[in-house]
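Q: Contents of run.cif (mmCIF, C-alpha atoms and all ligand atoms):
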```
data_coords
#
loop_
_atom_site.label_atom_id
_atom_site.label_comp_id
_atom_site.auth_asym_id
_atom_site.auth_seq_id
_atom_site.Cartn_x
_atom_site.Cartn_y
_atom_site.Cartn_z
CA MET A 127 -29.05 21.58 -22.91
CA LYS A 128 -27.00 23.49 -20.38
CA LEU A 129 -23.52 22.17 -19.81
CA SER A 130 -21.59 22.75 -16.61
CA ASN A 131 -19.21 25.66 -16.21
CA ARG A 132 -16.49 23.06 -15.91
CA ALA A 133 -17.29 21.66 -19.36
CA LYS A 134 -16.90 25.11 -20.90
CA ASN A 135 -13.31 25.20 -19.67
CA ILE A 136 -12.34 22.01 -21.45
CA ALA A 137 -12.19 23.13 -25.06
CA GLN A 138 -10.80 20.86 -27.73
CA SER A 139 -7.08 21.38 -27.86
CA GLU A 140 -5.40 23.16 -30.76
CA ILE A 141 -3.16 20.12 -31.07
CA ARG A 142 -6.06 17.79 -31.79
CA ALA A 143 -7.62 20.41 -34.09
CA MET A 144 -4.41 20.64 -36.14
CA SER A 145 -4.13 16.86 -36.27
CA ILE A 146 -7.66 16.63 -37.69
CA LEU A 147 -6.88 19.30 -40.30
CA CYS A 148 -3.65 17.47 -41.12
CA ASN A 149 -5.51 14.19 -41.70
CA GLU A 150 -8.02 15.93 -43.96
CA LYS A 151 -5.17 17.28 -46.07
CA ASN A 152 -3.19 14.04 -45.86
CA GLY A 153 -0.31 16.01 -44.39
CA LEU A 154 2.75 15.21 -42.28
CA ASN A 155 1.77 15.56 -38.64
CA MET A 156 4.41 17.38 -36.60
CA ALA A 157 1.71 18.82 -34.37
CA GLN A 158 1.08 15.83 -32.16
CA GLY A 159 3.61 14.93 -29.47
CA LEU A 160 3.81 11.22 -30.19
CA CYS A 161 7.22 9.64 -29.79
CA ASP A 162 8.20 7.68 -32.85
CA LEU A 163 10.41 5.03 -31.24
CA GLU A 164 9.80 1.28 -31.33
CA VAL A 165 8.28 0.04 -28.08
CA PRO A 166 11.18 -1.70 -26.25
CA LEU A 167 10.91 -5.50 -26.44
CA PRO A 168 10.83 -6.22 -22.68
CA VAL A 169 7.92 -3.79 -22.34
CA VAL A 170 5.93 -5.60 -25.04
CA GLU A 171 6.83 -9.04 -23.66
CA GLY A 172 5.97 -8.04 -20.12
CA ALA A 173 2.51 -6.88 -21.15
CA LYS A 174 1.90 -10.10 -23.11
CA GLU A 175 3.05 -12.18 -20.15
CA GLY A 176 0.72 -10.13 -17.98
CA ILE A 177 -2.26 -11.17 -20.10
CA ASP A 178 -1.05 -14.78 -20.54
CA ARG A 179 -0.64 -15.16 -16.81
CA GLY A 180 -4.11 -13.86 -16.15
CA LYS A 181 -3.21 -10.48 -14.63
CA ASN A 182 -6.50 -9.07 -15.78
CA THR A 183 -8.23 -8.01 -12.60
CA TYR A 184 -8.00 -4.88 -10.46
CA THR A 185 -4.67 -4.01 -8.96
CA SER A 186 -4.26 -1.74 -5.95
CA ALA A 187 -5.47 1.82 -6.55
CA TYR A 188 -1.86 2.87 -5.86
CA GLY A 189 -0.72 0.66 -8.76
CA ASN A 190 1.07 -2.68 -8.67
CA TYR A 191 3.36 -2.78 -5.62
CA LYS A 192 6.33 -4.23 -7.50
CA LEU A 193 5.98 -1.58 -10.18
CA ARG A 194 5.91 1.19 -7.57
CA ALA A 195 9.05 -0.27 -6.04
CA ALA A 196 10.71 -0.43 -9.49
CA ILE A 197 9.83 3.22 -10.18
CA ALA A 198 11.30 4.22 -6.80
CA LYS A 199 14.45 2.23 -7.64
CA LYS A 200 14.77 3.88 -11.06
CA GLN A 201 14.40 7.34 -9.49
CA ASN A 202 17.15 6.47 -6.99
CA ASP A 203 19.40 4.87 -9.62
CA PHE A 204 19.24 7.99 -11.76
CA TYR A 205 19.06 10.74 -9.15
CA ASP A 206 19.87 9.21 -5.75
CA GLN A 207 16.82 10.76 -4.06
CA GLY A 208 16.07 8.20 -1.34
CA ILE A 209 12.60 7.52 -2.76
CA ASP A 210 10.60 4.76 -1.10
CA VAL A 211 7.77 2.67 -2.54
CA ASP A 212 5.32 4.67 -0.35
CA ASN A 213 6.28 7.81 -2.25
CA VAL A 214 5.02 6.48 -5.59
CA LEU A 215 1.56 6.43 -7.13
CA VAL A 216 1.03 4.76 -10.50
CA SER A 217 -1.78 6.41 -12.43
CA LEU A 218 -3.33 6.65 -15.88
CA GLY A 219 -0.48 8.49 -17.46
CA ALA A 220 1.23 11.58 -16.16
CA THR A 221 -2.15 13.16 -16.88
CA GLY A 222 -3.88 10.94 -14.32
CA ALA A 223 -1.05 11.42 -11.82
CA PHE A 224 -1.34 15.19 -12.08
CA TYR A 225 -5.11 15.09 -11.76
CA ALA A 226 -5.06 12.84 -8.68
CA THR A 227 -2.37 14.83 -6.86
CA ALA A 228 -3.84 18.21 -7.82
CA MET A 229 -7.24 17.08 -6.51
CA SER A 230 -5.52 16.10 -3.26
CA LEU A 231 -3.69 19.38 -2.70
CA LEU A 232 -5.76 22.14 -4.21
CA ASN A 233 -9.11 23.64 -3.29
CA GLU A 234 -11.46 25.55 -5.52
CA GLY A 235 -10.27 29.14 -5.70
CA ASP A 236 -6.65 28.29 -4.92
CA GLU A 237 -4.24 30.00 -7.26
CA VAL A 238 -1.52 28.20 -9.17
CA ILE A 239 1.27 29.99 -11.02
CA LEU A 240 2.17 28.67 -14.49
CA PHE A 241 4.83 29.87 -16.86
CA GLU A 242 4.01 30.69 -20.47
CA PRO A 243 4.49 29.04 -22.88
CA TYR A 244 2.70 26.22 -21.02
CA TYR A 245 1.44 22.70 -21.71
CA GLY A 246 -2.31 23.02 -22.26
CA TYR A 247 -3.38 20.02 -20.18
CA HIS A 248 -1.92 21.67 -17.08
CA VAL A 249 -4.22 24.63 -17.61
CA ALA A 250 -7.29 22.54 -18.40
CA THR A 251 -6.77 20.22 -15.42
CA LEU A 252 -6.40 23.12 -12.99
CA LYS A 253 -9.41 24.93 -14.45
CA SER A 254 -11.52 21.79 -14.26
CA ILE A 255 -10.93 21.57 -10.53
CA GLY A 256 -11.79 25.23 -10.02
CA CYS A 257 -8.31 26.70 -9.49
CA LYS A 258 -7.38 30.21 -10.50
CA ILE A 259 -4.32 30.39 -12.71
CA LYS A 260 -1.77 33.18 -12.83
CA TYR A 261 0.31 33.17 -16.00
CA ILE A 262 3.85 34.47 -16.01
CA ARG A 263 5.43 34.98 -19.40
CA THR A 264 8.92 33.70 -20.18
CA ASN A 265 10.62 34.71 -23.39
CA PRO A 266 12.89 33.19 -26.03
CA PRO A 267 15.66 32.30 -26.39
CA ALA A 268 16.30 31.18 -22.79
CA TYR A 269 12.76 31.29 -21.34
CA GLU A 270 14.22 32.32 -17.98
CA ILE A 271 12.05 33.08 -14.98
CA ASP A 272 12.12 36.67 -13.79
CA PHE A 273 12.23 35.80 -10.08
CA GLN A 274 11.46 39.33 -8.91
CA ASN A 275 8.32 39.30 -11.02
CA LEU A 276 7.45 35.86 -9.69
CA LYS A 277 7.71 37.09 -6.09
CA ASP A 278 5.59 40.15 -6.92
CA GLN A 279 2.87 37.99 -8.45
CA ILE A 280 2.37 35.76 -5.41
CA SER A 281 -0.89 36.55 -3.66
CA GLU A 282 -2.73 35.33 -0.56
CA ASP A 283 -4.49 32.75 -2.71
CA THR A 284 -1.34 31.31 -4.28
CA LYS A 285 -0.92 27.70 -3.25
CA ALA A 286 1.41 26.22 -5.85
CA ILE A 287 3.79 26.82 -8.71
CA LEU A 288 3.99 24.47 -11.66
CA ILE A 289 6.99 23.92 -13.89
CA CYS A 290 7.50 21.67 -16.86
CA ASN A 291 11.13 20.49 -16.89
CA PRO A 292 12.21 19.99 -19.66
CA SER A 293 9.47 22.16 -21.02
CA ASN A 294 6.89 21.22 -23.56
CA PRO A 295 6.81 23.38 -25.70
CA SER A 296 9.91 25.59 -25.18
CA GLY A 297 12.55 22.91 -24.50
CA LYS A 298 13.81 24.83 -21.48
CA VAL A 299 15.78 22.75 -18.97
CA TYR A 300 16.00 24.24 -15.47
CA THR A 301 19.44 24.59 -13.92
CA LYS A 302 20.20 23.60 -10.35
CA GLU A 303 20.61 27.29 -9.49
CA GLU A 304 17.19 28.13 -10.91
CA LEU A 305 15.58 25.33 -8.92
CA GLN A 306 17.35 26.52 -5.79
CA THR A 307 16.06 30.06 -6.27
CA LEU A 308 12.60 28.65 -6.95
CA SER A 309 12.89 26.68 -3.74
CA GLU A 310 13.53 29.87 -1.75
CA VAL A 311 10.38 31.45 -3.18
CA ILE A 312 8.40 28.28 -2.48
CA ASN A 313 9.59 27.94 1.09
CA GLN A 314 9.25 31.63 1.94
CA ASN A 315 5.64 31.63 0.76
CA ASP A 316 4.60 28.19 2.01
CA LEU A 317 3.80 26.89 -1.47
CA PHE A 318 3.89 23.56 -3.30
CA LEU A 319 5.73 22.78 -6.51
CA PHE A 320 4.37 20.56 -9.25
CA SER A 321 7.26 19.54 -11.46
CA ASP A 322 6.26 17.77 -14.67
CA GLU A 323 9.37 15.79 -15.60
CA MET A 324 7.83 13.80 -18.44
CA TYR A 325 10.79 14.49 -20.75
CA GLU A 326 13.52 13.90 -18.12
CA HIS A 327 15.46 11.58 -20.46
CA PHE A 328 15.25 13.84 -23.50
CA ILE A 329 18.21 16.04 -22.63
CA TYR A 330 20.77 17.31 -25.14
CA ASP A 331 24.32 18.64 -25.37
CA GLU A 332 25.33 16.55 -22.34
CA LEU A 333 23.47 18.87 -20.04
CA GLU A 334 22.70 17.54 -16.59
CA PHE A 335 19.01 17.07 -15.81
CA VAL A 336 18.18 18.13 -12.25
CA SER A 337 14.96 16.74 -10.86
CA ALA A 338 13.17 19.06 -8.41
CA LEU A 339 13.27 16.28 -5.82
CA SER A 340 17.08 16.46 -5.90
CA ILE A 341 16.93 19.90 -4.27
CA GLU A 342 16.94 19.17 -0.54
CA SER A 343 14.82 22.19 0.36
CA LEU A 344 12.14 21.17 -2.17
CA LYS A 345 11.79 17.57 -0.98
CA GLU A 346 8.84 18.14 1.34
CA ARG A 347 7.03 20.48 -1.04
CA THR A 348 7.30 18.88 -4.45
CA VAL A 349 5.15 16.57 -6.50
CA VAL A 350 7.08 15.11 -9.43
CA ILE A 351 4.96 13.94 -12.35
CA SER A 352 6.39 11.67 -15.01
CA GLY A 353 5.51 8.62 -17.05
CA PHE A 354 6.22 6.10 -19.75
CA SER A 355 4.18 7.40 -22.71
CA LYS A 356 7.17 9.02 -24.38
CA ILE A 357 10.23 7.14 -23.17
CA TYR A 358 8.69 3.74 -23.98
CA SER A 359 6.58 5.11 -26.84
CA ILE A 360 3.28 3.86 -25.42
CA THR A 361 1.03 6.94 -25.33
CA GLY A 362 -2.05 4.74 -25.62
CA TRP A 363 -1.23 2.48 -22.69
CA ARG A 364 -1.88 5.25 -20.19
CA LEU A 365 0.77 4.67 -17.55
CA GLY A 366 2.51 7.38 -15.56
CA TYR A 367 3.23 8.26 -11.96
CA ALA A 368 3.58 10.83 -9.22
CA ILE A 369 6.39 10.89 -6.67
CA THR A 370 5.90 12.88 -3.49
CA GLN A 371 5.49 12.53 0.26
CA LYS A 372 3.42 9.59 1.51
CA GLY A 373 0.50 11.64 2.83
CA ILE A 374 -0.16 13.13 -0.59
CA ILE A 375 0.23 9.72 -2.29
CA ASP A 376 -2.34 8.23 0.11
CA ALA A 377 -4.84 11.01 -0.63
CA ALA A 378 -4.19 10.84 -4.37
CA SER A 379 -4.71 7.06 -4.40
CA ALA A 380 -8.32 7.71 -3.37
CA PHE A 381 -8.83 9.94 -6.43
CA ASN A 382 -7.09 7.34 -8.59
CA ASP A 383 -9.54 4.80 -7.21
CA LEU A 384 -12.53 7.07 -7.73
CA VAL A 385 -11.89 7.97 -11.36
CA TYR A 386 -9.83 5.07 -12.74
CA VAL A 387 -10.12 2.33 -10.07
CA CYS A 388 -6.61 1.20 -10.98
CA PRO A 389 -4.08 1.50 -13.79
CA PRO A 390 -4.37 -1.15 -16.56
CA ALA A 391 -3.35 -4.40 -14.86
CA PRO A 392 -1.44 -6.42 -17.52
CA LEU A 393 0.22 -3.33 -18.98
CA GLN A 394 1.75 -2.50 -15.60
CA ASN A 395 3.57 -5.81 -16.01
CA GLY A 396 5.08 -4.53 -19.25
CA ILE A 397 6.48 -1.44 -17.55
CA LEU A 398 7.81 -3.55 -14.69
CA LYS A 399 9.74 -5.79 -17.08
CA GLY A 400 10.97 -2.73 -18.99
CA LEU A 401 12.25 -1.08 -15.81
CA ASN A 402 13.89 -4.28 -14.63
CA GLU A 403 15.58 -5.18 -17.89
CA LEU A 404 16.40 -2.02 -19.83
CA PRO A 405 19.93 -0.78 -19.10
CA LYS A 406 20.79 2.88 -18.51
CA SER A 407 22.20 2.94 -22.02
CA TYR A 408 18.63 2.56 -23.38
CA TYR A 409 17.74 5.99 -21.98
CA GLU A 410 21.04 7.51 -23.10
CA ASN A 411 20.54 6.23 -26.65
CA VAL A 412 17.06 7.73 -26.83
CA ALA A 413 18.60 11.11 -25.98
CA LYS A 414 21.43 10.66 -28.52
CA GLU A 415 19.01 9.71 -31.31
CA HIS A 416 16.78 12.65 -30.53
CA GLN A 417 19.71 15.04 -30.47
CA LYS A 418 20.52 14.00 -34.05
CA LYS A 419 16.90 14.54 -35.06
CA ARG A 420 16.93 17.93 -33.31
CA ASP A 421 20.10 19.01 -35.08
CA LYS A 422 18.96 18.24 -38.57
CA PHE A 423 15.40 19.45 -38.19
CA ILE A 424 16.24 22.75 -36.51
CA LYS A 425 18.91 23.44 -39.13
CA ALA A 426 16.26 22.89 -41.82
CA LEU A 427 13.84 25.26 -40.08
CA ASN A 428 16.48 27.99 -39.96
CA ASP A 429 17.46 27.33 -43.59
CA ALA A 430 13.81 27.79 -44.52
CA GLY A 431 13.70 31.14 -42.71
CA LEU A 432 11.70 29.85 -39.74
CA LYS A 433 14.12 30.94 -37.03
CA ALA A 434 14.50 28.52 -34.15
CA GLU A 435 16.92 27.91 -31.28
CA TYR A 436 18.50 24.54 -30.64
CA VAL A 437 16.38 23.30 -27.73
CA LYS A 438 18.06 21.78 -24.67
CA GLY A 439 15.41 19.22 -23.84
CA ALA A 440 12.11 17.51 -24.78
CA TYR A 441 11.41 16.99 -28.48
CA TYR A 442 9.61 20.10 -29.58
CA VAL A 443 10.79 23.32 -31.08
CA LEU A 444 9.06 26.68 -31.24
CA ALA A 445 9.92 28.31 -34.55
CA ASP A 446 9.27 31.84 -35.75
CA ILE A 447 6.66 31.67 -38.51
CA SER A 448 6.37 35.44 -39.04
CA LYS A 449 7.37 35.17 -42.68
CA LEU A 450 4.38 33.01 -43.61
CA GLU A 451 1.24 34.58 -45.02
CA GLY A 452 -1.67 35.10 -42.67
CA GLU A 453 -2.84 37.60 -40.08
CA ASP A 454 -2.18 35.54 -37.02
CA ASP A 455 -0.46 32.39 -35.79
CA LYS A 456 -3.42 30.18 -36.73
CA GLN A 457 -3.63 31.45 -40.29
CA LYS A 458 0.12 31.11 -40.62
CA VAL A 459 0.14 27.44 -39.62
CA VAL A 460 -2.65 26.84 -42.12
CA THR A 461 -0.45 28.49 -44.78
CA LEU A 462 2.37 26.19 -43.70
CA LEU A 463 0.11 23.16 -44.07
CA GLU A 464 -1.08 24.28 -47.49
CA LYS A 465 2.41 25.05 -48.82
CA THR A 466 4.36 22.15 -47.33
CA GLY A 467 1.81 19.66 -46.05
CA ILE A 468 3.39 19.95 -42.59
CA ALA A 469 1.11 20.43 -39.59
CA ALA A 470 2.42 22.38 -36.58
CA VAL A 471 0.69 23.86 -33.53
CA PRO A 472 0.02 27.62 -33.38
CA ALA A 473 1.28 29.66 -30.40
CA ARG A 474 -2.25 30.17 -29.07
CA ALA A 475 -2.11 26.63 -27.68
CA PHE A 476 0.63 27.71 -25.26
CA TYR A 477 -0.23 31.29 -24.29
CA GLN A 478 -3.21 32.91 -22.63
CA GLU A 479 -2.84 36.01 -24.81
CA SER A 480 -1.10 35.00 -27.98
CA GLU A 481 -1.79 38.08 -30.08
CA GLY A 482 1.36 39.07 -31.94
CA ILE A 483 3.19 35.86 -31.05
CA HIS A 484 4.09 34.27 -34.35
CA LEU A 485 5.45 30.97 -33.19
CA ALA A 486 4.55 27.40 -34.05
CA ARG A 487 5.51 24.19 -32.30
CA PHE A 488 6.96 21.28 -34.26
CA CYS A 489 7.51 17.81 -32.79
CA PHE A 490 10.74 16.32 -34.14
CA SER A 491 10.33 12.85 -32.61
CA LYS A 492 9.70 11.37 -36.05
CA LYS A 493 11.02 8.36 -37.92
CA GLU A 494 14.08 9.14 -40.08
CA GLU A 495 12.14 8.92 -43.39
CA GLU A 496 9.44 11.24 -42.15
CA LEU A 497 11.92 13.74 -40.77
CA ASP A 498 13.83 13.74 -44.06
CA GLU A 499 10.55 14.22 -45.92
CA ALA A 500 9.70 17.19 -43.66
CA ILE A 501 13.15 18.68 -44.30
CA GLU A 502 12.61 18.38 -48.07
CA ARG A 503 9.19 19.95 -47.81
CA LEU A 504 10.49 22.92 -45.80
CA LYS A 505 12.58 23.83 -48.86
CA ARG A 506 9.31 24.86 -50.57
CA LEU A 507 9.12 27.93 -48.33
C1 LIG A 601 4.66 17.86 -20.41
C2 LIG A 601 3.74 16.71 -20.56
N1 LIG A 601 3.22 16.14 -19.48
C3 LIG A 601 2.36 15.12 -19.58
C4 LIG A 601 2.00 14.60 -20.79
C5 LIG A 601 1.00 13.48 -20.85
O1 LIG A 601 1.56 12.30 -20.52
P1 LIG A 601 0.72 10.96 -20.36
O2 LIG A 601 0.52 10.37 -21.71
O3 LIG A 601 1.59 10.11 -19.49
O4 LIG A 601 -0.56 11.30 -19.71
C6 LIG A 601 2.53 15.14 -21.95
C7 LIG A 601 2.14 14.63 -23.27
O5 LIG A 601 2.29 15.24 -24.30
C8 LIG A 601 3.41 16.23 -21.84
O6 LIG A 601 3.93 16.82 -22.93
#
```
For this file, produce the structure as structure tokens.

A:
Amino acid sequence: MKLSNRAKNIAQSEIRAMSILCNEKNGLNMAQGLCDLEVPLPVVEGAKEGIDRGKNTYTSAYGNYKLRAAIAKKQNDFYDQGIDVDNVLVSLGATGAFYATAMSLLNEGDEVILFEPYYGYHVATLKSIGCKIKYIRTNPPAYEIDFQNLKDQISEDTKAILICNPSNPSGKVYTKEELQTLSEVINQNDLFLFSDEMYEHFIYDELEFVSALSIESLKERTVVISGFSKIYSITGWRLGYAITQKGIIDAASAFNDLVYVCPPAPLQNGILKGLNELPKSYYENVAKEHQKKRDKFIKALNDAGLKAEYVKGAYYVLADISKLEGEDDKQKVVTLLEKTGIAAVPARAFYQESEGIHLARFCFSKKEEELDEAIERLKRL
């Protein structure tokens, strides 16, 4: 059997591999990025009502109109961006939204610039559609972009830059100034920006989150990707969205139609009710709760000798696992699993060349009991 070249690019992710190993060892899974919140009641009720009221057939390939309007309203309520319903595509998760918009904007051979450490699905999606990827390394603790280097790396083939803000896995949150400088590079070189804002509400230390679409000079050139998997704790429902100019949304709706036909009909009703009924304080409380989890878990990592910075956003932390036995990052996370029963993700999941990078990613979006258990177990190191 000869598989396609495309299939060779879609290797099983390190995150899934670690989760499997964790299950085998009956360990505590801090590798997977699930959010351990309760699903908000209106979201559950809305989905049930959707089924009870017979909303079981295809919706528009753009997603339910009322839901698109509610997403536009939320974006405007939070960031005052003047988003219209025509600027929104509902897809199968942020993953589907990225796929559909990337298919609409990028040709085979186009180059996209990504910053390391990256989120693996971005790489796999771009590879699967035949794009070339240029990786630019950013380093702890601040993971800042070296803008001169970025400018030097842009080639004739470069079509887009992708950022993850806040970043999975580094927790970096881009400042307004950084986005403005990025905008100059984007405009001067006639590029697009993909801004994955999946963790927009997971922001700590009262920092301000700046969405790329809030930068006036990025408005015409940005695709924002976000979704509900994390903030409503419904990773299995598969609902996310893209926000960008209408022409791109129209093209992307055709890819949505082709691959998914439409997002899950009754579940869209759940999101609609959630958006309509959950107050702003819901989102603020999620951030507050996660900040507490961050504080106690990162302290425990440092106490155990796994040095880690207090991240500014998202709910992951990259910790230095140099002190653990093993020749490389993979062996070291296996040592961690054997000694503590905690599964984390090795650096190789986030870097093209990870040799010598002894970092592991932990997800701290865990229930209190589990987090306390992890903190106890870290004392074994
Ligand atoms: C940065 C980022 N974007 C997108 C996703 C996927 O989101 P969805 O479940 O909406 O496809 C994740 C999930 O871990 C993520 O970390």

Q: Closest to A:His248 among A:Ile136, A:Asp278, A:Gly235, A:Lys372, using all atoms listed in the file?

A: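 Distance minimum relative to A:His248 lands on A:Ile136.
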
Q: Quick one: of A:Glu403, A:Glu282, A:Asp162, A:Glu410, who's nearest to A:Glu332, counting all atoms listed in the file?

A: A:Glu410

Q: Give me, as a short mmCIF file (atom, residue, chain, number, x, y, z; two decimals) with C-alpha atoms, in the coordinates of the input, all polymer residues having an atom no more than 10 Å from A:Pro266, counting all atoms listed in the file and skipping those fewer than 5 positions away in the same chain.

A:
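Saved file out.cif follows:
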```cif
data_model
loop_
_atom_site.label_atom_id
_atom_site.label_comp_id
_atom_site.auth_asym_id
_atom_site.auth_seq_id
_atom_site.Cartn_x
_atom_site.Cartn_y
_atom_site.Cartn_z
CA PRO A 243 4.49 29.04 -22.88
CA SER A 296 9.91 25.59 -25.18
CA LYS A 298 13.81 24.83 -21.48
CA ALA A 434 14.50 28.52 -34.15
CA GLU A 435 16.92 27.91 -31.28
CA LEU A 444 9.06 26.68 -31.24
#
```

Q: Tell me, in Å to one decimal, how far atom CA of A:Glu150 is from atom CA of A:Ala475.

A: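 For atom CA of A:Glu150 relative to atom CA of A:Ala475, the distance reads 20.4 Å.
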
Q: How close does stretch 225-249 of chain A get to stretch 482-489 of chain A? List, as CSV, each residue of stretch 225-249 of chain A within 12 Å, its nearest atom pair and the distance in Å to one decimal, counting all atoms listed in the file.

A:
```
residue,atom,partner,partner_atom,distance
A:Glu242,CA,A:Ile483,CA,11.8
A:Pro243,CA,A:Leu485,CA,10.5
A:Tyr244,CA,A:Arg487,CA,11.8
A:Tyr245,CA,A:Arg487,CA,11.4
```

Q: Which residues are close to A:Ile262, i.e. within 10 Å by only C-alpha atoms, leaving aside same-chain residues fewer than 5 positions away? Reply as a list of chain:residue names.

A: A:Ile239, A:Leu240, A:Phe241, A:Glu242, A:Pro243, A:Tyr244, A:Ile271, A:Asp272, A:Asn275, A:Leu276, A:Gln279, A:Tyr477, A:Gln478

Q: Could you pull out the residues sitting within 6 Å of ligand LIG 601 (chain A), using only C-alpha atoms and all ligand atoms, and write them as a list in words?

A: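 I would give the residues around ligand LIG 601 (chain A) as Gly159, Gly219, Ala220, Thr221, Tyr245, Cys290, Asn294, Asp322, Met324, Gly353, Ser355, Thr361, Arg364, Leu365 and Gly366 of chain A.
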
Q: Write out as a PyMOL selection string each polymer residue whose atoms come within 12 Å of A:Ala445, counting only C-alpha atoms; drop sequence neighbours fewer than 3 positions from it.

A: chain A and resi 266-267+295-297+423-437+442+448-450+455+458-459+470-473+483-489

Q: Please list as a list in words every residue within 12 Å of A:Asn315, counting only C-alpha atoms and excluding residues in the same chain fewer than 4 positions away.

A: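 Once the nearby chain positions are removed, what remains is Leu276, Lys277, Asp278, Gln279, Ile280, Ser281, Glu282, Asp283, Thr284, Lys285, Ala286, Ile287, Leu308, Ser309, Glu310, Val311, Leu319 and Arg347 of chain A.
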
Q: Between atom CA of A:Glu499 and atom CA of A:Arg474, what is the distance in Å, rounded to a tenth?

A: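 Interatomic distance here is 26.5 Å.
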
Q: Would you give me, as a Markdown table, each residue of stretch 152-180 of chain A having an atom within 6 Å of an atom of stretch 398-402 of chain A, along with its shortest atom pair and that distance in Å to one decimal, using only C-alpha atoms and sorting by chain and residue number?

A:
```
| residue | atom | partner | partner_atom | distance |
| --- | --- | --- | --- | --- |
| A:Pro168 | CA | A:Gly400 | CA | 5.1 |
| A:Val169 | CA | A:Gly400 | CA | 4.7 |
| A:Gly172 | CA | A:Lys399 | CA | 5.3 |
```

Q: Since the input is missing atoms for stretch 297-312 of chain A, could you rebuild it with N, CA and C atoms and give the result as an mmCIF file, in the coordinates of the input?

A:
```
data_model
loop_
_atom_site.group_PDB
_atom_site.id
_atom_site.type_symbol
_atom_site.label_atom_id
_atom_site.label_comp_id
_atom_site.auth_asym_id
_atom_site.auth_seq_id
_atom_site.Cartn_x
_atom_site.Cartn_y
_atom_site.Cartn_z
ATOM 1 N N GLY A 297 11.288 23.650 -24.564
ATOM 2 C CA GLY A 297 12.550 22.910 -24.500
ATOM 3 C C GLY A 297 13.455 23.389 -23.380
ATOM 4 N N LYS A 298 12.976 24.339 -22.587
ATOM 5 C CA LYS A 298 13.810 24.830 -21.480
ATOM 6 C C LYS A 298 14.121 23.701 -20.483
ATOM 7 N N VAL A 299 15.378 23.679 -20.027
ATOM 8 C CA VAL A 299 15.780 22.750 -18.970
ATOM 9 C C VAL A 299 16.250 23.613 -17.796
ATOM 10 N N TYR A 300 15.673 23.401 -16.630
ATOM 11 C CA TYR A 300 16.000 24.240 -15.470
ATOM 12 C C TYR A 300 17.360 23.850 -14.893
ATOM 13 N N THR A 301 18.147 24.864 -14.554
ATOM 14 C CA THR A 301 19.440 24.590 -13.920
ATOM 15 C C THR A 301 19.230 24.380 -12.427
ATOM 16 N N LYS A 302 20.254 23.808 -11.793
ATOM 17 C CA LYS A 302 20.200 23.600 -10.350
ATOM 18 C C LYS A 302 20.008 24.943 -9.629
ATOM 19 N N GLU A 303 20.699 25.966 -10.125
ATOM 20 C CA GLU A 303 20.610 27.290 -9.490
ATOM 21 C C GLU A 303 19.181 27.827 -9.585
ATOM 22 N N GLU A 304 18.573 27.659 -10.749
ATOM 23 C CA GLU A 304 17.190 28.130 -10.910
ATOM 24 C C GLU A 304 16.255 27.401 -9.945
ATOM 25 N N LEU A 305 16.456 26.096 -9.822
ATOM 26 C CA LEU A 305 15.580 25.330 -8.920
ATOM 27 C C LEU A 305 15.816 25.744 -7.476
ATOM 28 N N GLN A 306 17.068 26.074 -7.160
ATOM 29 C CA GLN A 306 17.350 26.520 -5.790
ATOM 30 C C GLN A 306 16.668 27.858 -5.501
ATOM 31 N N THR A 307 16.722 28.757 -6.475
ATOM 32 C CA THR A 307 16.060 30.060 -6.270
ATOM 33 C C THR A 307 14.548 29.852 -6.166
ATOM 34 N N LEU A 308 14.033 28.961 -7.008
ATOM 35 C CA LEU A 308 12.600 28.650 -6.950
ATOM 36 C C LEU A 308 12.246 28.102 -5.569
ATOM 37 N N SER A 309 13.125 27.274 -5.045
ATOM 38 C CA SER A 309 12.890 26.680 -3.740
ATOM 39 C C SER A 309 12.777 27.752 -2.645
ATOM 40 N N GLU A 310 13.624 28.787 -2.751
ATOM 41 C CA GLU A 310 13.530 29.870 -1.750
ATOM 42 C C GLU A 310 12.157 30.524 -1.808
ATOM 43 N N VAL A 311 11.695 30.802 -3.025
ATOM 44 C CA VAL A 311 10.380 31.450 -3.180
ATOM 45 C C VAL A 311 9.286 30.536 -2.618
ATOM 46 N N ILE A 312 9.409 29.249 -2.905
ATOM 47 C CA ILE A 312 8.400 28.280 -2.480
ATOM 48 C C ILE A 312 8.364 28.174 -0.954
#
```
